[in-house]
>>> print(open('final_10.pdb').read())   # PDB, C-alpha atoms
ATOM      1  CA  MET V 104      56.133  30.296-111.734
ATOM      2  CA  SER V 105      54.289  32.698-114.036
ATOM      3  CA  ARG V 106      50.711  32.229-115.191
ATOM      4  CA  LEU V 107      52.153  31.305-118.600
ATOM      5  CA  ASP V 108      54.276  28.546-117.002
ATOM      6  CA  SER V 109      51.323  27.357-114.982
ATOM      7  CA  PHE V 110      48.986  27.307-117.988
ATOM      8  CA  ILE V 111      51.466  25.268-120.050
ATOM      9  CA  ARG V 112      51.775  22.748-117.207
ATOM     10  CA  ARG V 113      48.001  22.500-116.915
ATOM     11  CA  LEU V 114      47.632  21.767-120.643
ATOM     12  CA  GLN V 115      50.437  19.208-120.510
ATOM     13  CA  ALA V 116      48.740  17.536-117.522
ATOM     14  CA  GLN V 117      45.416  17.538-119.369
ATOM     15  CA  ARG V 118      46.993  15.963-122.444
ATOM     16  CA  ALA V 119      48.910  13.365-120.412
ATOM     17  CA  CYS V 120      45.684  12.337-118.613
ATOM     18  CA  LEU V 121      43.702  12.144-121.874
ATOM     19  CA  ASP V 122      46.436  10.033-123.482
ATOM     20  CA  ARG V 123      46.518   7.735-120.435
ATOM     21  CA  ALA V 124      42.722   7.421-120.545
ATOM     22  CA  ALA V 125      42.821   6.577-124.267
ATOM     23  CA  GLU V 126      45.156   3.689-123.419
ATOM     24  CA  LEU V 127      42.998   2.577-120.497
ATOM     25  CA  ILE V 128      39.859   2.228-122.629
ATOM     26  CA  ARG V 129      41.528   0.456-125.598
ATOM     27  CA  GLU V 130      39.758  -2.788-124.703
ATOM     28  CA  LEU V 131      36.617  -1.170-123.321
ATOM     29  CA  PRO V 132      33.946  -0.500-125.968
ATOM     30  CA  GLY V 133      31.470   2.357-125.692
ATOM     31  CA  PRO V 134      31.213   6.033-126.520
ATOM     32  CA  ILE V 135      33.082   9.005-125.102
ATOM     33  CA  LEU V 136      31.411  11.981-123.456
ATOM     34  CA  GLU V 137      33.106  15.377-123.469
ATOM     35  CA  LEU V 138      31.627  17.799-120.925
ATOM     36  CA  GLY V 139      32.390  21.302-122.106
ATOM     37  CA  LEU V 140      33.514  21.822-125.700
ATOM     38  CA  GLY V 141      35.124  25.235-125.197
ATOM     39  CA  ASN V 142      37.372  25.993-128.163
ATOM     40  CA  GLY V 143      37.336  22.306-129.159
ATOM     41  CA  ARG V 144      41.004  21.507-128.515
ATOM     42  CA  THR V 145      40.471  18.489-126.276
ATOM     43  CA  TYR V 146      37.617  17.263-128.472
ATOM     44  CA  ASP V 147      40.048  17.374-131.388
ATOM     45  CA  HIS V 148      42.665  15.552-129.334
ATOM     46  CA  LEU V 149      40.242  12.780-128.343
ATOM     47  CA  ARG V 150      38.964  12.214-131.873
ATOM     48  CA  GLU V 151      42.554  12.056-133.118
ATOM     49  CA  ARG V 152      43.616   9.547-130.429
ATOM     50  CA  LEU V 153      40.402   7.493-130.657
ATOM     51  CA  PRO V 154      39.175   7.920-134.246
ATOM     52  CA  GLU V 155      36.870   4.902-134.123
ATOM     53  CA  ARG V 156      34.811   6.151-131.154
ATOM     54  CA  ASP V 157      31.577   8.076-131.024
ATOM     55  CA  ILE V 158      32.245  11.263-129.048
ATOM     56  CA  TYR V 159      29.212  13.007-127.586
ATOM     57  CA  VAL V 160      29.655  16.575-126.380
ATOM     58  CA  CYS V 161      27.629  18.436-123.753
ATOM     59  CA  GLU V 162      27.960  22.187-124.118
ATOM     60  CA  ARG V 163      25.892  25.137-122.983
ATOM     61  CA  GLN V 164      26.613  27.218-126.075
ATOM     62  CA  VAL V 165      28.903  26.176-128.921
ATOM     63  CA  ALA V 166      31.746  28.646-129.547
ATOM     64  CA  ALA V 167      34.493  26.305-130.785
ATOM     65  CA  HIS V 168      36.778  26.619-133.779
ATOM     66  CA  PRO V 169      34.642  25.644-136.832
ATOM     67  CA  ASP V 170      36.872  22.588-137.499
ATOM     68  CA  CYS V 171      36.212  21.313-133.970
ATOM     69  CA  ILE V 172      32.418  21.282-133.835
ATOM     70  CA  PRO V 173      30.967  17.769-133.555
ATOM     71  CA  PRO V 174      28.260  16.573-135.964
ATOM     72  CA  ALA V 175      24.834  17.723-134.720
ATOM     73  CA  ARG V 176      23.775  14.198-133.693
ATOM     74  CA  PHE V 177      26.629  14.099-131.156
ATOM     75  CA  LEU V 178      25.915  17.531-129.645
ATOM     76  CA  ILE V 179      23.860  17.791-126.459
ATOM     77  CA  ILE V 180      23.137  21.472-125.877
ATOM     78  CA  GLY V 181      22.179  22.926-122.510
ATOM     79  CA  ASP V 182      23.124  23.109-118.851
ATOM     80  CA  VAL V 183      24.921  19.872-117.845
ATOM     81  CA  ARG V 184      22.720  19.530-114.761
ATOM     82  CA  GLU V 185      19.866  18.956-117.191
ATOM     83  CA  THR V 186      21.662  17.364-120.118
ATOM     84  CA  LEU V 187      23.490  14.674-118.104
ATOM     85  CA  PRO V 188      20.201  13.003-117.102
ATOM     86  CA  GLU V 189      19.149  13.283-120.780
ATOM     87  CA  ALA V 190      22.443  11.707-121.828
ATOM     88  CA  ARG V 191      21.835   8.891-119.299
ATOM     89  CA  ALA V 192      18.426   8.184-120.847
ATOM     90  CA  ARG V 193      19.919   8.227-124.344
ATOM     91  CA  LEU V 194      23.244   6.419-123.857
ATOM     92  CA  GLY V 195      22.488   4.262-120.813
ATOM     93  CA  ALA V 196      25.281   3.406-118.368
ATOM     94  CA  ALA V 197      27.532   2.464-121.281
ATOM     95  CA  VAL V 198      30.026   5.310-121.585
ATOM     96  CA  ALA V 199      33.711   4.280-121.693
ATOM     97  CA  LEU V 200      35.284   7.682-121.012
ATOM     98  CA  ILE V 201      34.077  11.034-119.709
ATOM     99  CA  HIS V 202      36.270  14.125-119.906
ATOM    100  CA  ALA V 203      34.987  16.981-117.760
ATOM    101  CA  ASP V 204      36.659  20.367-118.154
ATOM    102  CA  LEU V 205      34.036  22.554-116.561
ATOM    103  CA  GLY V 206      35.905  24.545-113.905
ATOM    104  CA  SER V 207      35.892  28.327-113.759
ATOM    105  CA  GLY V 208      38.168  30.661-111.811
ATOM    106  CA  ASP V 209      35.797  30.428-108.809
ATOM    107  CA  ASP V 210      36.942  27.605-106.478
ATOM    108  CA  GLU V 211      33.797  27.580-104.339
ATOM    109  CA  SER V 212      31.496  27.388-107.362
ATOM    110  CA  ASN V 213      33.720  24.630-108.834
ATOM    111  CA  ARG V 214      33.391  22.559-105.643
ATOM    112  CA  ARG V 215      29.604  22.953-105.572
ATOM    113  CA  GLN V 216      29.330  22.009-109.240
ATOM    114  CA  ALA V 217      31.617  18.986-108.844
ATOM    115  CA  ALA V 218      29.577  17.730-105.874
ATOM    116  CA  GLU V 219      26.376  18.045-107.880
ATOM    117  CA  LEU V 220      27.751  16.434-111.045
ATOM    118  CA  ALA V 221      29.784  13.573-109.539
ATOM    119  CA  PRO V 222      26.853  11.117-109.117
ATOM    120  CA  LEU V 223      25.426  12.029-112.551
ATOM    121  CA  ILE V 224      28.816  11.397-114.167
ATOM    122  CA  ALA V 225      29.358   8.156-112.260
ATOM    123  CA  GLY V 226      25.903   6.958-113.367
ATOM    124  CA  LEU V 227      26.786   7.245-117.060
ATOM    125  CA  LEU V 228      29.864   5.016-116.962
ATOM    126  CA  GLN V 229      29.999   1.316-117.592
ATOM    127  CA  PRO V 230      32.019  -0.746-115.081
ATOM    128  CA  GLY V 231      35.688   0.094-115.658
ATOM    129  CA  GLY V 232      34.826   3.362-117.412
ATOM    130  CA  ILE V 233      37.278   6.235-116.981
ATOM    131  CA  VAL V 234      36.854   9.856-115.906
ATOM    132  CA  VAL V 235      39.390  12.560-116.714
ATOM    133  CA  SER V 236      38.578  15.825-114.970
ATOM    134  CA  ASP V 237      39.878  19.253-114.057
ATOM    135  CA  GLN V 238      37.937  18.973-110.769
ATOM    136  CA  ALA V 239      38.019  16.398-107.982
ATOM    137  CA  PHE V 240      34.942  14.146-107.827
ATOM    138  CA  VAL V 241      34.013  12.397-104.596
ATOM    139  CA  THR V 242      31.328   9.776-105.072
ATOM    140  CA  PRO V 243      31.239   6.084-104.029
ATOM    141  CA  ARG V 244      31.496   4.603-107.503
ATOM    142  CA  LEU V 245      34.583   6.509-108.680
ATOM    143  CA  ARG V 246      37.988   5.151-107.596
ATOM    144  CA  VAL V 247      41.027   7.419-107.794
ATOM    145  CA  LEU V 248      43.590   6.285-110.386
ATOM    146  CA  GLU V 249      47.298   7.036-110.283
ATOM    147  CA  LEU V 250      48.230  10.025-112.440
ATOM    148  CA  PRO V 251      50.876   9.914-115.166
ATOM    149  CA  ALA V 252      54.281  10.515-113.540
ATOM    150  CA  GLU V 253      54.659  14.009-115.013
ATOM    151  CA  VAL V 254      51.324  15.285-113.639
ATOM    152  CA  LYS V 255      51.440  17.064-110.293
ATOM    153  CA  PRO V 256      48.674  15.787-107.958
ATOM    154  CA  GLY V 257      45.733  18.196-107.933
ATOM    155  CA  ARG V 258      46.462  19.593-111.395
ATOM    156  CA  TYR V 259      44.170  17.084-113.132
ATOM    157  CA  PHE V 260      42.209  14.015-111.985
ATOM    158  CA  LEU V 261      41.697  10.409-113.138
ATOM    159  CA  TYR V 262      39.044   7.959-111.898
ATOM    160  CA  ARG V 263      37.758   4.495-112.800
ATOM    161  CA  ALA V 264      34.155   3.421-112.246
ATOM    162  CA  ALA V 265      33.641   0.376-110.040
ATOM    163  CA  GLY V 266      31.156  -2.343-111.032
ATOM    164  CA  SER V 267      27.602  -1.044-111.101
TER     165      SER V 267
ATOM    166  CA  MET I1303      48.978  16.674-134.349
ATOM    167  CA  SER I1304      45.796  17.731-132.549
ATOM    168  CA  ARG I1305      44.848  21.322-131.838
ATOM    169  CA  LEU I1306      45.741  20.647-128.210
ATOM    170  CA  ASP I1307      49.255  19.498-129.235
ATOM    171  CA  SER I1308      49.608  22.475-131.526
ATOM    172  CA  PHE I1309      48.446  24.952-128.870
ATOM    173  CA  ILE I1310      50.915  23.564-126.305
ATOM    174  CA  ARG I1311      53.754  23.917-128.836
ATOM    175  CA  ARG I1312      52.734  27.479-129.612
ATOM    176  CA  LEU I1313      52.778  28.435-125.918
ATOM    177  CA  GLN I1314      56.148  26.725-125.425
ATOM    178  CA  ALA I1315      57.528  28.618-128.442
ATOM    179  CA  GLN I1316      56.141  31.883-127.074
ATOM    180  CA  ARG I1317      57.715  31.265-123.671
ATOM    181  CA  ALA I1318      61.073  30.225-125.173
ATOM    182  CA  CYS I1319      61.163  33.424-127.271
ATOM    183  CA  LEU I1320      60.209  35.642-124.311
ATOM    184  CA  ASP I1321      62.889  34.003-122.152
ATOM    185  CA  ARG I1322      65.467  34.453-124.922
ATOM    186  CA  ALA I1323      64.443  38.106-125.302
ATOM    187  CA  ALA I1324      64.743  38.664-121.540
ATOM    188  CA  GLU I1325      68.354  37.445-121.777
ATOM    189  CA  LEU I1326      69.054  39.585-124.851
ATOM    190  CA  ILE I1327      67.998  42.822-123.125
ATOM    191  CA  ARG I1328      69.807  42.177-119.810
ATOM    192  CA  GLU I1329      72.355  44.907-120.626
ATOM    193  CA  LEU I1330      69.941  47.113-122.559
ATOM    194  CA  PRO I1331      68.037  49.598-120.370
ATOM    195  CA  GLY I1332      64.577  50.872-121.252
ATOM    196  CA  PRO I1333      60.945  49.873-120.820
ATOM    197  CA  ILE I1334      59.032  46.943-122.257
ATOM    198  CA  LEU I1335      55.931  47.281-124.394
ATOM    199  CA  GLU I1336      53.338  44.496-124.488
ATOM    200  CA  LEU I1337      50.928  44.749-127.437
ATOM    201  CA  GLY I1338      47.775  42.892-126.513
ATOM    202  CA  LEU I1339      47.196  42.010-122.853
ATOM    203  CA  GLY I1340      44.660  39.247-123.462
ATOM    204  CA  ASN I1341      44.305  37.169-120.302
ATOM    205  CA  GLY I1342      47.571  38.620-118.970
ATOM    206  CA  ARG I1343      49.679  35.415-119.025
ATOM    207  CA  THR I1344      52.607  36.784-121.019
ATOM    208  CA  TYR I1345      52.466  40.098-119.117
ATOM    209  CA  ASP I1346      52.786  38.051-115.918
ATOM    210  CA  HIS I1347      55.671  36.086-117.428
ATOM    211  CA  LEU I1348      57.544  39.229-118.463
ATOM    212  CA  ARG I1349      57.146  40.957-115.098
ATOM    213  CA  GLU I1350      58.361  37.791-113.366
ATOM    214  CA  ARG I1351      61.416  37.442-115.626
ATOM    215  CA  LEU I1352      62.203  41.188-115.646
ATOM    216  CA  PRO I1353      60.883  42.505-112.316
ATOM    217  CA  GLU I1354      62.905  45.720-112.450
ATOM    218  CA  ARG I1355      61.436  46.911-115.789
ATOM    219  CA  ASP I1356      58.557  49.219-116.535
ATOM    220  CA  ILE I1357      56.105  47.269-118.694
ATOM    221  CA  TYR I1358      53.640  49.334-120.730
ATOM    222  CA  VAL I1359      50.644  47.531-122.196
ATOM    223  CA  CYS I1360      48.586  48.504-125.237
ATOM    224  CA  GLU I1361      45.163  46.886-125.195
ATOM    225  CA  ARG I1362      41.865  47.658-126.869
ATOM    226  CA  GLN I1363      39.755  46.519-123.920
ATOM    227  CA  VAL I1364      41.116  45.037-120.718
ATOM    228  CA  ALA I1365      39.721  41.570-119.945
ATOM    229  CA  ALA I1366      42.676  39.963-118.140
ATOM    230  CA  HIS I1367      42.760  38.014-114.897
ATOM    231  CA  PRO I1368      42.507  40.630-112.086
ATOM    232  CA  ASP I1369      46.024  39.710-110.833
ATOM    233  CA  CYS I1370      47.469  40.454-114.290
ATOM    234  CA  ILE I1371      46.202  43.978-114.929
ATOM    235  CA  PRO I1372      49.008  46.559-115.054
ATOM    236  CA  PRO I1373      48.863  49.718-112.931
ATOM    237  CA  ALA I1374      46.789  52.387-114.731
ATOM    238  CA  ARG I1375      49.836  54.532-115.560
ATOM    239  CA  PHE I1376      51.238  51.670-117.660
ATOM    240  CA  LEU I1377      48.024  50.967-119.568
ATOM    241  CA  ILE I1378      47.507  52.479-123.021
ATOM    242  CA  ILE I1379      43.922  51.792-124.042
ATOM    243  CA  GLY I1380      42.705  51.837-127.641
ATOM    244  CA  ASP I1381      43.377  50.560-131.132
ATOM    245  CA  VAL I1382      47.135  49.956-131.562
ATOM    246  CA  ARG I1383      47.122  51.836-134.871
ATOM    247  CA  GLU I1384      46.331  54.929-132.803
ATOM    248  CA  THR I1385      48.026  54.105-129.524
ATOM    249  CA  LEU I1386      51.440  53.175-131.000
ATOM    250  CA  PRO I1387      52.002  56.747-132.269
ATOM    251  CA  GLU I1388      50.877  57.950-128.816
ATOM    252  CA  ALA I1389      53.322  55.557-127.187
ATOM    253  CA  ARG I1390      56.076  56.910-129.479
ATOM    254  CA  ALA I1391      55.344  60.456-128.352
ATOM    255  CA  ARG I1392      55.337  59.386-124.713
ATOM    256  CA  LEU I1393      58.237  56.904-124.565
ATOM    257  CA  GLY I1394      60.390  58.075-127.461
ATOM    258  CA  ALA I1395      62.480  55.566-129.409
ATOM    259  CA  ALA I1396      63.716  54.082-126.147
ATOM    260  CA  VAL I1397      61.889  50.767-125.784
ATOM    261  CA  ALA I1398      64.103  47.736-125.081
ATOM    262  CA  LEU I1399      61.577  44.979-125.869
ATOM    263  CA  ILE I1400      58.234  44.775-127.647
ATOM    264  CA  HIS I1401      56.094  41.668-127.454
ATOM    265  CA  ALA I1402      53.291  41.637-130.028
ATOM    266  CA  ASP I1403      50.660  38.913-129.724
ATOM    267  CA  LEU I1404      47.933  40.418-131.859
ATOM    268  CA  GLY I1405      47.109  37.726-134.398
ATOM    269  CA  SER I1406      43.614  36.361-134.931
ATOM    270  CA  GLY I1407      42.498  33.241-136.785
ATOM    271  CA  ASP I1408      42.309  35.261-140.032
ATOM    272  CA  ASP I1409      45.643  34.987-141.914
ATOM    273  CA  GLU I1410      44.871  37.719-144.436
ATOM    274  CA  SER I1411      43.853  40.205-141.747
ATOM    275  CA  ASN I1412      46.976  39.255-139.735
ATOM    276  CA  ARG I1413      49.235  40.013-142.719
ATOM    277  CA  ARG I1414      47.573  43.377-143.327
ATOM    278  CA  GLN I1415      47.859  44.305-139.664
ATOM    279  CA  ALA I1416      51.511  43.222-139.462
ATOM    280  CA  ALA I1417      52.387  45.295-142.541
ATOM    281  CA  GLU I1418      50.712  48.336-141.020
ATOM    282  CA  LEU I1419      52.239  47.936-137.555
ATOM    283  CA  ALA I1420      55.810  46.923-138.501
ATOM    284  CA  PRO I1421      57.136  50.486-139.063
ATOM    285  CA  LEU I1422      55.314  51.803-135.966
ATOM    286  CA  ILE I1423      56.844  49.033-133.852
ATOM    287  CA  ALA I1424      60.308  49.518-135.346
ATOM    288  CA  GLY I1425      60.078  53.249-134.601
ATOM    289  CA  LEU I1426      59.604  52.673-130.876
ATOM    290  CA  LEU I1427      62.740  50.598-130.337
ATOM    291  CA  GLN I1428      66.149  51.854-129.344
ATOM    292  CA  PRO I1429      69.104  50.483-131.338
ATOM    293  CA  GLY I1430      69.509  46.828-130.351
ATOM    294  CA  GLY I1431      65.930  46.621-129.068
ATOM    295  CA  ILE I1432      64.169  43.270-129.446
ATOM    296  CA  VAL I1433      60.796  42.269-130.909
ATOM    297  CA  VAL I1434      59.041  39.017-130.023
ATOM    298  CA  SER I1435      55.978  38.442-132.176
ATOM    299  CA  ASP I1436      53.377  35.921-133.226
ATOM    300  CA  GLN I1437      53.421  37.525-136.706
ATOM    301  CA  ALA I1438      56.228  38.114-139.197
ATOM    302  CA  PHE I1439      57.277  41.756-139.542
ATOM    303  CA  VAL I1440      59.029  42.956-142.683
ATOM    304  CA  THR I1441      60.482  46.442-142.337
ATOM    305  CA  PRO I1442      64.014  47.712-143.005
ATOM    306  CA  ARG I1443      65.009  48.347-139.397
ATOM    307  CA  LEU I1444      64.138  44.906-138.024
ATOM    308  CA  ARG I1445      66.708  42.117-138.498
ATOM    309  CA  VAL I1446      65.624  38.510-138.100
ATOM    310  CA  LEU I1447      67.199  36.770-135.087
ATOM    311  CA  GLU I1448      67.785  33.039-134.777
ATOM    312  CA  LEU I1449      65.032  31.317-132.808
ATOM    313  CA  PRO I1450      65.674  29.148-129.748
ATOM    314  CA  ALA I1451      66.506  25.612-130.943
ATOM    315  CA  GLU I1452      63.185  24.152-129.763
ATOM    316  CA  VAL I1453      61.047  26.656-131.700
ATOM    317  CA  LYS I1454      59.901  25.612-135.158
ATOM    318  CA  PRO I1455      60.448  28.416-137.718
ATOM    319  CA  GLY I1456      57.213  30.293-138.372
ATOM    320  CA  ARG I1457      55.690  29.439-135.000
ATOM    321  CA  TYR I1458      56.993  32.632-133.351
ATOM    322  CA  PHE I1459      59.330  35.440-134.453
ATOM    323  CA  LEU I1460      62.339  37.306-133.038
ATOM    324  CA  TYR I1461      63.884  40.539-134.370
ATOM    325  CA  ARG I1462      66.517  43.047-133.315
ATOM    326  CA  ALA I1463      66.361  46.739-134.256
ATOM    327  CA  ALA I1464      69.307  48.086-136.194
ATOM    328  CA  GLY I1465      70.850  51.461-135.284
ATOM    329  CA  SER I1466      68.400  54.331-135.840
TER     330      SER I1466
END
>>> encode(input="final_10.pdb", output="structure tokens")
Amino acid sequence: MSRLDSFIRRLQAQRACLDRAAELIRELPGPILELGLGNGRTYDHLRERLPERDIYVCERQVAAHPDCIPPARFLIIGDVRETLPEARARLGAAVALIHADLGSGDDESNRRQAAELAPLIAGLLQPGGIVVSDQAFVTPRLRVLELPAEVKPGRYFLYRAAGS
Amino acid sequence: MSRLDSFIRRLQAQRACLDRAAELIRELPGPILELGLGNGRTYDHLRERLPERDIYVCERQVAAHPDCIPPARFLIIGDVRETLPEARARLGAAVALIHADLGSGDDESNRRQAAELAPLIAGLLQPGGIVVSDQAFVTPRLRVLELPAEVKPGRYFLYRAAGS
């Protein structure tokens, strides 16, 4: 499988998990939190699938396509290790869906970052809230959810927050 | 259709056209020329599909994944407007396949660039040589080829060089 094949499968897995998550939170009110705006493609996908939701975005430095930059009041700029506690103070534990696409090409650094962020992410979700992530999170409050059938295990991750 | 949907379709179109081109040049000897290395995904795809071919790569500045950087003797560094004439002097009109993925988000600049490059690209191909491109090329020697059924017209382009 070439890197082109593998990249297409990763994007398809990401989209399938986001679409599943959008279904899972239909009846669950509350905002969405996108961790990492990047070029804005998944932000655009989420706002298209869930047009009625507030979508907050944490990003170190905005470099997205101009059409995919959230309104300033929904942007939380800075390092997520600092902005997630800020987001917790601002939004409370009321978030319905968090999408985290923060991984780099460095597996060891990804694992360290995921370990550090997992409890911060879990603390933002309301009971039943959903996490879609490119990294595995291991923290007591997050329960692994079954992936869409077409997603190979390990390619993307889905969790649901237990009661607080 | 979200930007994520649209990006996935573009990559699927690109892959379908590269796979079609690999079939079309099975019986046609000669090297491959990749214009724009980028992250190296399509270079990786081409070398996987056509492992026996020499693949030359024109790139302004190499920034690909370390596993996807061609051996130095196949790298032609610089602006394609200068390196394509160099490539012509070095390879002759003997290239079997050119893949050009040079477009930016600026349509007007893309059209200007395509108009400038089309005759240079056509001049590198042997009779029957194939072009796969993210931009339309209009130049006497290049004949439009039918796209794979799953590719929407205008999403990617396929040409065959007429006799010299």
>>> closest_residue(input="final_10.pdb", among="V:Leu205, V:Leu223, V:Leu149, V:Val183", to="chain I", atoms="all atoms listed in the file")
V:Leu149
>>> resolve_selection(input="final_10.pdb", expression="the PyMOL selection byres ((chain V) within 12 of (chain I))", output="MDAnalysis selection string")
chainID V and resid 104:119 121:122 141:154 167:171 207:209
>>> atom_distance(input="final_10.pdb", atom1="atom CA of Arg1328 of chain I", atom2="atom CA of Glu1418 of chain I")
29.2 Å
>>> residues_near_point(input="final_10.pdb", point="(27.1, 18.6, -124.3)", cutoff="8 Å", atoms="all atoms listed in the file", output="list in words")
Leu136, Glu137, Leu138, Gly139, Leu140, Tyr159, Val160, Cys161, Glu162, Arg163, Leu178, Ile179, Ile180, Gly181, Val183 and Thr186 of chain V
>>> atom_distance(input="final_10.pdb", atom1="atom CA of Ala1398 of chain I", atom2="atom CA of Glu1452 of chain I")
24.1 Å
>>> residues_near_point(input="final_10.pdb", point="(59.3, 34.8, -133.7)", cutoff="10 Å", atoms="all atoms listed in the file", output="number ranges by chain")
I: 1315-1316, 1318-1320, 1401-1402, 1433-1439, 1446-1450, 1453-1461
>>> closest_residue(input="final_10.pdb", among="V:Arg263, V:Arg184, V:Arg156, V:Arg123", to="Ala218 of chain V", atoms="all atoms listed in the file")
V:Arg184
>>> resolve_selection(input="final_10.pdb", expression="the PyMOL selection byres ((chain V and resi 128) around 10)", output="number ranges by chain")
V: 123-127, 129-133, 135, 153, 199-200, 231-233
>>> resolve_selection(input="final_10.pdb", expression="the PyMOL selection byres ((chain V and resi 228) around 7)", output="list in words")
Ala196, Ala197, Val198, Ala199, Ala225, Gly226, Leu227, Gln229, Pro230, Gly232 and Ala264 of chain V
>>> axis_aligned_box(input="final_10.pdb", around="segment 127-141 of chain V", padding_each_side="3 Å", output="AutoDock Vina command-line options")
--center_x 37.1 --center_y 11.2 --center_z -123.5 --size_x 17.8 --size_y 34.0 --size_z 12.0
>>> atom_distance(input="final_10.pdb", atom1="atom CA of Pro1387 of chain I", atom2="atom CA of Ala1420 of chain I")
12.2 Å
